[in-house]
Amino acid sequence: MQVAVIGGTGLIGSQVVKILNAAGHEAVPHSQSTGVDVISGQGLDEAMAGVDVAVNLTNSPTFDDASLAFLQTSMDNLLAAADKGGVGHFVILSIVGTDQVPELDYYRAKALQEKILADGPIPSSIVRATQFMDFMDAVPSWTADADSVRLPATPIQPSASKDVAAAVAEVAAGTPLNGIHNIAGPEIFPLDELGRITLSHKGDHRTVVTDPTAGMFAVVKGDVLTDKNAHLAPTRYTDWIS
C-alpha cells in the first residue's frame, strides 16, 4: 500500500515509516521540512494524491488552549485533502484517557481531534497510547528545584515509542477499525515512584516529594491514564531506561 505519514520525521513517525517500508509498503514521510504544512494546507493535496492510507502523527506546538485551534484546523485540512485524493483509511495517534481529563487543554484538543476524524468522510482508525517512556525525561523538570522534585502519585502506564510505532504501523496496514485500539506498557507506576526510578538511574540525588498538587497531572482523577485491558506492549520501563 501507499501510505502518507504526516509528521513522518518525528519520534513516532520516523519509526512508523521504517516499519511500513520494511514490510513492503511504500510509506512516505511528510512534514514542514518536506514542504507540507497542515495549517496553511501547503503541499497537502500533493501528499495525499493516490494514497491508500494517511497516518497523521503531527503534534501541536503547544499544550495550552491554542492546541484546540491547531488540531481543529490541521484535521480539517488533512481530511479535505485526503478525501480529494481518494484516501481509503485515515489513522491518528491519540492518548489513553484523553476524553476523561477535560481539565487539561491538550487532552480536550485530542478528544476534539478524535471526534473530527470519527465524524469525517473517510474510514478511520484511532490508536490511543499511554504516556511515552521518553516523556519521563521532561516530567521532573516541571516541578523541580535544586534539592527536590515534586510529583503526584497519579497512576501511569508508560509505553515505549517503538512499541507505539509498531501498533500504529500494524493498524495502518490493516482494514479501518472505525474505532479505537489502545496500547499501553506492561506495568503501572505511581508517577512519583516513576520519578524516583528515573532520577536514581541518572544518578540524580534529588528527593522526590509526593505532592498531589504538583504539575499538569495533578488534575487527573483516578487511573484514567491507564488501561489494563489495552494491548500490553512488551517493553518494561526498567529495561528501557537501562
# chains A, B, ... in the order shown; residues from 1 in each chain; ligands from 1

$ residues_around --residues "A:Ile92" --least-positions-apart "6" --cutoff "12 Å" --atoms "only C-alpha atoms" --output "PyMOL selection string"
chain A and resi 4-7+12-13+53-59+71+74-75+78-79+110-111+113-118+123-129+164-165+167-169+171-172+176-181

$ residues_around --residues "A:Met1" --least-positions-apart "6" --cutoff "9 Å" --atoms "only C-alpha atoms" --output "short mmCIF file (atom, residue, chain, number, x, y, z; two decimals) with N, CA, C and O atoms, in the first residue's frame"
data_model
loop_
_atom_site.label_atom_id
_atom_site.label_comp_id
_atom_site.auth_asym_id
_atom_site.auth_seq_id
_atom_site.Cartn_x
_atom_site.Cartn_y
_atom_site.Cartn_z
N GLY A 24 7.22 -3.92 3.15
CA GLY A 24 6.92 -3.94 1.72
C GLY A 24 5.95 -2.88 1.24
O GLY A 24 5.62 -2.84 0.06
N HIS A 25 5.49 -2.02 2.14
CA HIS A 25 4.63 -0.91 1.74
C HIS A 25 5.49 0.26 1.27
O HIS A 25 6.70 0.27 1.45
N GLU A 26 4.83 1.25 0.68
CA GLU A 26 5.53 2.46 0.27
C GLU A 26 5.07 3.61 1.16
O GLU A 26 4.05 4.25 0.90
N ALA A 27 5.80 3.82 2.24
CA ALA A 27 5.45 4.86 3.21
C ALA A 27 6.34 6.08 2.98
O ALA A 27 7.57 5.97 2.96
N VAL A 51 -2.99 8.07 -2.61
CA VAL A 51 -2.53 7.36 -1.41
C VAL A 51 -3.64 6.45 -0.88
O VAL A 51 -4.81 6.81 -0.88
N ASP A 52 -3.26 5.26 -0.44
CA ASP A 52 -4.24 4.33 0.13
C ASP A 52 -4.56 4.67 1.58
O ASP A 52 -5.71 4.59 2.01
N VAL A 53 -3.53 5.02 2.35
CA VAL A 53 -3.67 5.25 3.79
C VAL A 53 -2.96 6.55 4.18
O VAL A 53 -1.84 6.81 3.72
N ALA A 173 -1.71 -0.70 8.33
CA ALA A 173 -1.63 -1.72 7.29
C ALA A 173 -2.87 -2.60 7.23
O ALA A 173 -3.02 -3.41 6.31
#

$ atom_distance --atom1 "atom CA of A:Asp105" --atom2 "atom CA of A:Leu232"
27.1 Å

$ select_by_dssp --residues "stretch 82-181 of chain A" --states "strand (DSSP E)" --output "PyMOL selection string"
chain A and resi 89-95+124-129+148-151+155-156+180-181

$ residues_around --residues "A:His201" --least-positions-apart "2" --cutoff "12 Å" --atoms "only C-alpha atoms" --output "PyMOL selection string"
chain A and resi 136-137+194-199+203-206+237-242

$ select_by_dssp --residues "stretch 164-232 of chain A" --states "alpha helix (DSSP H)" --output "PyMOL selection string"
chain A and resi 164-172+191-201

$ write_last_selection --atoms "all heavy atoms" --output "compact mmCIF listing (two decimals), in the first residue's frame"
# COMPACT_ATOMS: atom_id res chain seq x y z
N VAL A 164 4.70 1.70 20.44
CA VAL A 164 3.60 2.51 19.92
C VAL A 164 3.69 2.60 18.40
O VAL A 164 2.68 2.45 17.69
CB VAL A 164 3.61 3.91 20.56
CG1 VAL A 164 2.54 4.79 19.92
CG2 VAL A 164 3.38 3.82 22.07
N ALA A 165 4.89 2.83 17.88
CA ALA A 165 5.07 2.91 16.44
C ALA A 165 4.67 1.61 15.76
O ALA A 165 4.04 1.61 14.69
CB ALA A 165 6.52 3.26 16.11
N ALA A 166 5.02 0.49 16.38
CA ALA A 166 4.65 -0.81 15.81
C ALA A 166 3.14 -0.98 15.77
O ALA A 166 2.58 -1.52 14.79
CB ALA A 166 5.29 -1.94 16.62
N ALA A 167 2.45 -0.50 16.81
CA ALA A 167 0.99 -0.59 16.85
C ALA A 167 0.36 0.29 15.78
O ALA A 167 -0.60 -0.11 15.10
CB ALA A 167 0.48 -0.20 18.23
N VAL A 168 0.88 1.51 15.61
CA VAL A 168 0.36 2.41 14.59
C VAL A 168 0.56 1.81 13.20
O VAL A 168 -0.35 1.82 12.36
CB VAL A 168 1.04 3.79 14.67
CG1 VAL A 168 0.66 4.66 13.48
CG2 VAL A 168 0.66 4.49 15.98
N ALA A 169 1.74 1.26 12.94
CA ALA A 169 2.03 0.66 11.65
C ALA A 169 1.10 -0.53 11.37
O ALA A 169 0.61 -0.70 10.25
CB ALA A 169 3.49 0.23 11.58
N GLU A 170 0.88 -1.35 12.40
CA GLU A 170 0.01 -2.52 12.23
C GLU A 170 -1.42 -2.10 11.90
O GLU A 170 -2.07 -2.67 11.01
CB GLU A 170 0.02 -3.37 13.50
CG GLU A 170 -0.84 -4.62 13.40
CD GLU A 170 -0.80 -5.48 14.66
OE1 GLU A 170 -0.14 -5.08 15.64
OE2 GLU A 170 -1.45 -6.54 14.67
N VAL A 171 -1.92 -1.09 12.60
CA VAL A 171 -3.28 -0.60 12.34
C VAL A 171 -3.35 0.03 10.95
O VAL A 171 -4.32 -0.19 10.21
CB VAL A 171 -3.71 0.40 13.43
CG1 VAL A 171 -4.99 1.14 13.03
CG2 VAL A 171 -3.93 -0.33 14.75
N ALA A 172 -2.34 0.79 10.58
CA ALA A 172 -2.33 1.44 9.27
C ALA A 172 -2.35 0.43 8.13
O ALA A 172 -2.95 0.68 7.08
CB ALA A 172 -1.12 2.36 9.15
N LEU A 191 3.20 8.06 39.57
CA LEU A 191 4.14 8.95 38.89
C LEU A 191 5.32 9.33 39.79
O LEU A 191 6.45 9.45 39.32
CB LEU A 191 3.41 10.22 38.42
CG LEU A 191 4.25 11.23 37.63
CD1 LEU A 191 4.89 10.58 36.41
CD2 LEU A 191 3.39 12.42 37.22
N ASP A 192 5.07 9.51 41.09
CA ASP A 192 6.18 9.85 41.99
C ASP A 192 7.20 8.72 42.06
O ASP A 192 8.42 8.96 42.07
CB ASP A 192 5.68 10.25 43.38
CG ASP A 192 4.78 9.20 44.03
OD1 ASP A 192 4.32 8.27 43.32
OD2 ASP A 192 4.54 9.29 45.24
N GLU A 193 6.72 7.47 42.07
CA GLU A 193 7.65 6.34 42.08
C GLU A 193 8.45 6.28 40.78
O GLU A 193 9.65 6.01 40.79
CB GLU A 193 6.88 5.03 42.28
CG GLU A 193 7.78 3.80 42.29
CD GLU A 193 7.00 2.50 42.34
OE1 GLU A 193 5.81 2.52 42.73
OE2 GLU A 193 7.57 1.45 41.98
N LEU A 194 7.77 6.54 39.68
CA LEU A 194 8.45 6.54 38.38
C LEU A 194 9.53 7.63 38.36
O LEU A 194 10.61 7.44 37.80
CB LEU A 194 7.43 6.78 37.28
CG LEU A 194 7.75 6.28 35.88
CD1 LEU A 194 8.06 4.79 35.87
CD2 LEU A 194 6.60 6.60 34.93
N GLY A 195 9.24 8.75 39.00
CA GLY A 195 10.24 9.81 39.11
C GLY A 195 11.45 9.36 39.90
O GLY A 195 12.60 9.65 39.53
N ARG A 196 11.23 8.64 40.99
CA ARG A 196 12.36 8.14 41.80
C ARG A 196 13.22 7.16 41.00
O ARG A 196 14.45 7.21 41.05
CB ARG A 196 11.83 7.48 43.07
CG ARG A 196 11.18 8.46 44.04
CD ARG A 196 10.76 7.80 45.34
NE ARG A 196 10.01 8.75 46.16
CZ ARG A 196 8.68 8.81 46.23
NH1 ARG A 196 7.95 7.93 45.54
NH2 ARG A 196 8.08 9.71 46.97
N ILE A 197 12.57 6.27 40.25
CA ILE A 197 13.32 5.31 39.43
C ILE A 197 14.15 6.04 38.39
O ILE A 197 15.33 5.72 38.17
CB ILE A 197 12.33 4.33 38.74
CG1 ILE A 197 11.66 3.44 39.78
CG2 ILE A 197 13.05 3.49 37.70
CD1 ILE A 197 10.50 2.63 39.22
N THR A 198 13.55 7.05 37.76
CA THR A 198 14.23 7.80 36.70
C THR A 198 15.43 8.56 37.25
O THR A 198 16.53 8.51 36.68
CB THR A 198 13.25 8.77 36.03
OG1 THR A 198 12.11 8.03 35.53
CG2 THR A 198 13.91 9.50 34.87
N LEU A 199 15.24 9.28 38.35
CA LEU A 199 16.33 10.07 38.92
C LEU A 199 17.46 9.16 39.42
O LEU A 199 18.64 9.46 39.23
CB LEU A 199 15.82 10.95 40.05
CG LEU A 199 14.85 12.07 39.67
CD1 LEU A 199 14.53 12.92 40.89
CD2 LEU A 199 15.39 12.94 38.55
N SER A 200 17.10 8.05 40.03
CA SER A 200 18.10 7.12 40.54
C SER A 200 18.96 6.58 39.40
O SER A 200 20.19 6.49 39.52
CB SER A 200 17.41 5.96 41.27
OG SER A 200 18.36 4.99 41.67
N HIS A 201 18.32 6.24 38.29
CA HIS A 201 19.07 5.71 37.14
C HIS A 201 20.05 6.74 36.59
O HIS A 201 21.14 6.38 36.13
CB HIS A 201 18.10 5.27 36.05
CG HIS A 201 18.80 4.80 34.80
ND1 HIS A 201 19.36 3.53 34.71
CD2 HIS A 201 19.06 5.42 33.62
CE1 HIS A 201 19.92 3.40 33.52
NE2 HIS A 201 19.75 4.52 32.84

$ closest_residue --among "A:Phe63, A:Phe189, A:Trp142, A:Phe70" --to "A:Ile39" --atoms "only C-alpha atoms"
A:Phe70

$ closest_residue --among "A:Leu112, A:Ala49, A:Leu44, A:Ala144" --to "A:Leu68" --atoms "only C-alpha atoms"
A:Leu112

$ residues_around --residues "A:Thr98" --least-positions-apart "4" --cutoff "9 Å" --atoms "only C-alpha atoms" --output "list in words"
Ser94, Pro102, Leu104, Tyr106, Tyr107, Arg108, Ala109, Lys110, Ala111, Arg128, Val224 and Leu225 of chain A

$ write_last_selection --atoms "C-alpha atoms" --output "tab-separated table (two decimals), in the first residue's frame"
chain	number	residue	atom	x	y	z
A	94	SER	CA	-4.18	9.80	20.42
A	102	PRO	CA	-11.25	17.83	30.39
A	104	LEU	CA	-6.19	19.61	30.53
A	106	TYR	CA	-4.32	19.30	25.31
A	107	TYR	CA	-6.45	16.32	26.28
A	108	ARG	CA	-9.58	18.23	25.27
A	109	ALA	CA	-7.85	19.04	21.98
A	110	LYS	CA	-7.04	15.37	21.32
A	111	ALA	CA	-10.64	14.41	22.14
A	128	ARG	CA	-4.58	5.54	21.75
A	224	VAL	CA	-7.88	7.10	33.71
A	225	LEU	CA	-4.40	7.34	32.15

$ atom_distance --atom1 "atom CA of A:Pro190" --atom2 "atom CA of A:Pro234"
19.3 Å
